[in-house]
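Next comes entry_13.pdb, a file with PDB, C-alpha atoms and all ligand atoms.
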ATOM      1  CA  MET A   1     117.524  98.806  80.084
ATOM      2  CA  GLU A   2     120.346  97.998  77.713
ATOM      3  CA  GLU A   3     119.335  97.038  74.192
ATOM      4  CA  ILE A   4     121.215  94.759  71.817
ATOM      5  CA  GLN A   5     120.897  94.200  68.110
ATOM      6  CA  CYS A   6     119.344  90.945  66.861
ATOM      7  CA  TRP A   7     121.783  88.912  64.761
ATOM      8  CA  HIS A   8     118.993  87.957  62.357
ATOM      9  CA  CYS A   9     116.697  90.947  61.798
ATOM     10  CA  GLY A  10     118.974  93.678  63.108
ATOM     11  CA  ASP A  11     116.274  95.203  65.338
ATOM     12  CA  LEU A  12     117.119  96.323  68.838
ATOM     13  CA  PHE A  13     115.638  94.373  71.736
ATOM     14  CA  PRO A  14     116.019  94.603  75.532
ATOM     15  CA  LYS A  15     118.898  92.554  76.846
ATOM     16  CA  SER A  16     117.795  89.957  79.362
ATOM     17  CA  PRO A  17     119.812  89.929  82.586
ATOM     18  CA  ARG A  18     119.172  86.177  82.864
ATOM     19  CA  HIS A  19     120.159  85.229  79.295
ATOM     20  CA  LYS A  20     123.529  86.822  78.740
ATOM     21  CA  GLU A  21     124.168  84.701  75.641
ATOM     22  CA  GLN A  22     120.990  85.854  73.882
ATOM     23  CA  TYR A  23     121.750  87.269  70.446
ATOM     24  CA  TYR A  24     118.378  86.843  68.742
ATOM     25  CA  CYS A  25     115.105  88.635  69.477
ATOM     26  CA  MET A  26     111.873  86.745  70.181
ATOM     27  CA  LYS A  27     110.253  87.097  66.733
ATOM     28  CA  PRO A  28     109.325  83.658  65.336
ATOM     29  CA  THR A  29     111.585  84.069  62.260
ATOM     30  CA  CYS A  30     114.516  85.103  64.464
ATOM     31  CA  ARG A  31     113.905  82.165  66.830
ATOM     32  CA  MET A  32     113.931  79.867  63.779
ATOM     33  CA  ALA A  33     117.175  81.497  62.573
ATOM     34  CA  ARG A  34     118.721  80.982  66.021
ATOM     35  CA  LYS A  35     117.731  77.313  66.003
ATOM     36  CA  ALA A  36     119.065  76.844  62.443
ATOM     37  CA  ALA A  37     122.371  78.467  63.445
ATOM     38  CA  TRP A  38     122.558  76.213  66.496
ATOM     39  CA  LYS A  39     121.912  73.167  64.326
ATOM     40  CA  ARG A  40     124.547  74.195  61.742
ATOM     41  CA  LYS A  41     127.106  74.589  64.536
ATOM     42  CA  LYS A  42     126.100  71.267  66.121
ATOM     43  CA  MET A  43     126.294  69.471  62.740
ATOM     44  CA  LYS A  44     129.756  70.903  62.189
ATOM     45  CA  GLU A  45     131.168  70.150  65.631
ATOM     46  CA  ASP A  46     129.403  67.022  66.934
ATOM     47  CA  PRO A  47     130.034  63.817  64.923
ATOM     48  CA  GLU A  48     127.543  61.820  67.007
ATOM     49  CA  TYR A  49     124.768  64.385  66.428
ATOM     50  CA  ARG A  50     125.647  64.433  62.718
ATOM     51  CA  LEU A  51     125.369  60.632  62.506
ATOM     52  CA  ASN A  52     122.050  60.637  64.402
ATOM     53  CA  GLN A  53     120.657  63.290  62.054
ATOM     54  CA  LYS A  54     121.802  61.319  59.021
ATOM     55  CA  LEU A  55     120.171  58.100  60.285
ATOM     56  CA  SER A  56     117.010  59.956  61.280
ATOM     57  CA  ASN A  57     116.753  61.645  57.872
ATOM     58  CA  LYS A  58     117.328  58.326  56.110
ATOM     59  CA  LYS A  59     114.625  56.637  58.198
ATOM     60  CA  TRP A  60     112.203  59.474  57.444
ATOM     61  CA  ALA A  61     112.966  59.356  53.700
ATOM     62  CA  GLU A  62     112.328  55.590  53.683
ATOM     63  CA  ALA A  63     108.995  56.133  55.425
ATOM     64  CA  ASN A  64     108.085  58.865  52.885
ATOM     65  CA  PRO A  65     109.135  57.480  49.488
ATOM     66  CA  GLY A  66     109.011  59.931  46.596
ATOM     67  CA  TYR A  67     108.831  62.991  48.851
ATOM     68  CA  TRP A  68     112.054  64.588  47.618
ATOM     69  CA  LYS A  69     111.327  63.771  43.965
ATOM     70  CA  GLU A  70     107.933  65.462  44.314
ATOM     71  CA  TYR A  71     109.500  68.373  46.231
ATOM     72  CA  ARG A  72     111.986  68.987  43.377
ATOM     73  CA  ARG A  73     109.143  68.759  40.812
ATOM     74  CA  ARG A  74     107.074  71.332  42.750
ATOM     75  CA  ASN A  75     110.067  73.636  43.419
ATOM     76  CA  PRO A  76     112.255  73.657  40.281
ATOM     77  CA  GLU A  77     113.996  76.873  41.367
ATOM     78  CA  LYS A  78     115.066  75.284  44.641
ATOM     79  CA  ALA A  79     116.240  72.142  42.809
ATOM     80  CA  GLU A  80     118.312  74.358  40.481
ATOM     81  CA  ARG A  81     119.731  76.303  43.421
ATOM     82  CA  ASN A  82     120.709  73.028  45.089
ATOM     83  CA  ARG A  83     122.425  71.831  41.898
ATOM     84  CA  ILE A  84     124.469  75.039  41.838
ATOM     85  CA  LEU A  85     125.380  74.799  45.503
ATOM     86  CA  GLN A  86     126.253  71.099  45.059
ATOM     87  CA  ARG A  87     128.700  72.047  42.301
ATOM     88  CA  ILE A  88     130.338  74.473  44.693
ATOM     89  CA  ARG A  89     130.476  71.814  47.429
ATOM     90  CA  ASN A  90     131.942  69.346  44.912
ATOM     91  CA  ARG A  91     134.732  71.763  44.158
ATOM     92  CA  ARG A  92     135.419  72.549  47.781
ATOM     93  CA  ARG A  93     135.584  68.955  49.010
ATOM     94  CA  PRO A  94     137.838  66.818  46.833
ATOM     95  CA  ARG A  95     138.300  63.291  48.151
ATOM     96  CA  ARG A  96     141.868  62.185  47.749
ATOM     97  CA  SER A  97     140.882  58.624  46.768
ATOM     98  CA  GLN A  98     138.582  59.833  43.985
ATOM     99  CA  ILE A  99     140.700  62.521  42.357
ATOM    100  CA  ASP A 100     141.116  61.674  38.654
ATOM    101  CA  ALA A 101     144.237  61.907  36.472
ATOM    102  CA  ARG A 102     143.702  65.636  35.834
ATOM    103  CA  GLY A 103     143.506  66.247  39.551
ATOM    104  CA  ASP A 104     139.833  67.187  39.424
ATOM    105  CA  PRO A 105     137.467  65.820  42.052
ATOM    106  CA  PRO A 106     134.446  63.834  40.815
ATOM    107  CA  LEU A 107     131.314  65.890  40.448
ATOM    108  CA  ILE A 108     127.887  64.796  41.640
ATOM    109  CA  ALA A 109     125.970  67.318  39.564
ATOM    110  CA  LYS A 110     126.160  67.146  35.790
ATOM    111  CA  VAL A 111     127.881  70.075  34.104
ATOM    112  CA  ASP A 112     126.769  71.751  30.904
ATOM    113  CA  ALA A 113     128.592  70.983  27.665
ATOM    114  CA  SER A 114     131.109  73.638  26.724
ATOM    115  CA  ILE A 115     130.744  75.628  23.508
ATOM    116  CA  SER A 116     132.967  74.524  20.641
ATOM    117  CA  GLY A 117     134.500  76.963  18.161
ATOM    118  CA  LYS A 118     137.153  79.651  18.147
ATOM    119  CA  ILE A 119     136.111  81.277  21.399
ATOM    120  CA  LYS A 120     137.119  78.939  24.171
ATOM    121  CA  VAL A 121     135.266  78.832  27.455
ATOM    122  CA  VAL A 122     137.773  79.225  30.219
ATOM    123  CA  GLY A 123     135.318  78.596  32.984
ATOM    124  CA  GLU A 124     131.735  78.557  34.087
ATOM    125  CA  PHE A 125     131.087  80.176  37.410
ATOM    126  CA  TYR A 126     128.212  81.013  39.669
ATOM    127  CA  MET A 127     128.084  84.158  41.696
ATOM    128  CA  VAL A 128     126.220  83.006  44.785
ATOM    129  CA  PRO A 129     125.039  85.660  47.220
ATOM    130  CA  VAL A 130     126.124  84.895  50.757
ATOM    131  CA  ILE A 131     123.757  87.077  52.765
ATOM    132  CA  ALA A 132     120.869  88.219  50.552
ATOM    133  CA  LYS A 133     118.409  85.573  49.364
ATOM    134  CA  VAL A 134     118.855  86.219  45.650
ATOM    135  CA  ASP A 135     119.243  83.558  42.955
ATOM    136  CA  ALA A 136     122.755  82.664  41.906
ATOM    137  CA  LEU A 137     123.997  84.286  38.704
ATOM    138  CA  LYS A 138     125.567  82.035  36.046
ATOM    139  CA  VAL A 139     128.659  83.592  34.459
ATOM    140  CA  TYR A 140     130.798  82.284  31.579
ATOM    141  CA  ILE A 141     134.410  83.331  31.279
ATOM    142  CA  TYR A 142     135.734  83.312  27.691
ATOM    143  CA  GLU A 143     139.288  83.379  26.423
ATOM    144  CA  ILE A 144     139.746  86.480  24.269
ATOM    145  CA  PRO A 145     141.389  85.642  20.882
ATOM    146  CA  THR A 146     144.837  87.231  20.417
ATOM    147  CA  PRO A 147     143.807  90.024  17.920
ATOM    148  CA  TYR A 148     141.481  91.526  20.569
ATOM    149  CA  GLN A 149     143.992  91.573  23.407
TER     150      GLN A 149
HETATM  151 ZN    ZN A 201     115.232  89.512  65.315
END
Translate this structure into structure tokens?
Amino acid sequence: MEEIQCWHCGDLFPKSPRHKEQYYCMKPTCRMARKAAWKRKKMKEDPEYRLNQKLSNKKWAEANPGYWKEYRRRNPEKAERNRILQRIRNRRRPRRSQIDARGDPPLIAKVDASISGKIKVVGEFYMVPVIAKVDALKVYIYEIPTPYQ
């Protein structure tokens, strides 16, 4: 029997003759990954599904007040990760109506104050791993004063 490689775990599994579109093995984590991928695709492509999810999430949040505040308190590393990813989303999705005089989009997350003095911060960046589940790395880019160039 022909075997194919699971898109999530990478293990080989027997290809089902009845499910030609099967790309994930039957392990619970891989089934969850398949469902999450399906949902991401659906959220991206189906405006009606997206609206229903938004309304459903809002209804749930109203029925469970304080849940997300408590979640962030219990999981500070996840709250920090979300702040970082929100900054990236802010930069990727400028809204034309809200772009300020400098041409920068408004930011939802607060940014850190820059360091004053002779060495000027050119930018603050996060190196966010795409595949591996590793924390993002904060990187500062400094302008090198002329004598050192
Ligand atoms: Zn798998």
Å distance separating atom CA of A:Tyr140 from atom CA of A:Phe125, one decimal place: 6.2 Å
Protein and nucleic acid residues within 7 Å of ligand ZN 201 (chain A) (all atoms listed in the file) as a CSV table (one decimal) with C-alpha atoms, in the frame of the given file:
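What follows is the written file part06.csv:
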chain,number,residue,atom,x,y,z
A,6,CYS,CA,119.3,90.9,66.9
A,7,TRP,CA,121.8,88.9,64.8
A,8,HIS,CA,119.0,88.0,62.4
A,9,CYS,CA,116.7,90.9,61.8
A,10,GLY,CA,119.0,93.7,63.1
A,11,ASP,CA,116.3,95.2,65.3
A,24,TYR,CA,118.4,86.8,68.7
A,25,CYS,CA,115.1,88.6,69.5
A,26,MET,CA,111.9,86.7,70.2
A,27,LYS,CA,110.3,87.1,66.7
A,30,CYS,CA,114.5,85.1,64.5
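When the PyMOL selection byres (((chain A and resi 138) around 12) and not hetatm) is run on the displayed coordinates, the residues it returns are A:Glu80, A:Arg81, A:Ile84, A:Leu85, A:Asp112, A:Gly123, A:Glu124, A:Phe125, A:Tyr126, A:Met127, A:Val128, A:Pro129, A:Asp135, A:Ala136, A:Leu137, A:Val139, A:Tyr140, A:Ile141.
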Separation of atom CA of A:Ala33 from atom CA of A:Asn82, in Å and rounded to one decimal: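 Interatomic distance here is 19.7 Å.
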Selection: 10 Å around A:Pro17, all atoms listed in the file, excl. self and same-chain fewer than 5 positions, as a list of chain:residue names: A:Met1, A:Glu2, A:Gln22
Take the selection from the previous step and output its residues with C-alpha atoms, as a short mmCIF file (atom, residue, chain, number, x, y, z; two decimals), in the frame of the given file.
data_model
loop_
_atom_site.label_atom_id
_atom_site.label_comp_id
_atom_site.auth_asym_id
_atom_site.auth_seq_id
_atom_site.Cartn_x
_atom_site.Cartn_y
_atom_site.Cartn_z
CA MET A 1 117.52 98.81 80.08
CA GLU A 2 120.35 98.00 77.71
CA GLN A 22 120.99 85.85 73.88
#
Point-to-point distance in Å for atom CA of A:Glu3 and atom CA of A:Ala37: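 Those two atoms sit 21.7 Å apart.
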Listing only residues of stretch 19-63 of chain A within 10 Å of stretch 67-77 of chain A, what is the closest atom pair and its distance in Å (to one decimal) for each, using only C-alpha atoms, sorted by chain and residue number ascending, as JSON lines?
{"residue": "A:Trp60", "atom": "CA", "partner": "A:Tyr67", "partner_atom": "CA", "distance": 9.9}
{"residue": "A:Ala61", "atom": "CA", "partner": "A:Tyr67", "partner_atom": "CA", "distance": 7.3}
{"residue": "A:Glu62", "atom": "CA", "partner": "A:Tyr67", "partner_atom": "CA", "distance": 9.5}
{"residue": "A:Ala63", "atom": "CA", "partner": "A:Tyr67", "partner_atom": "CA", "distance": 9.5}
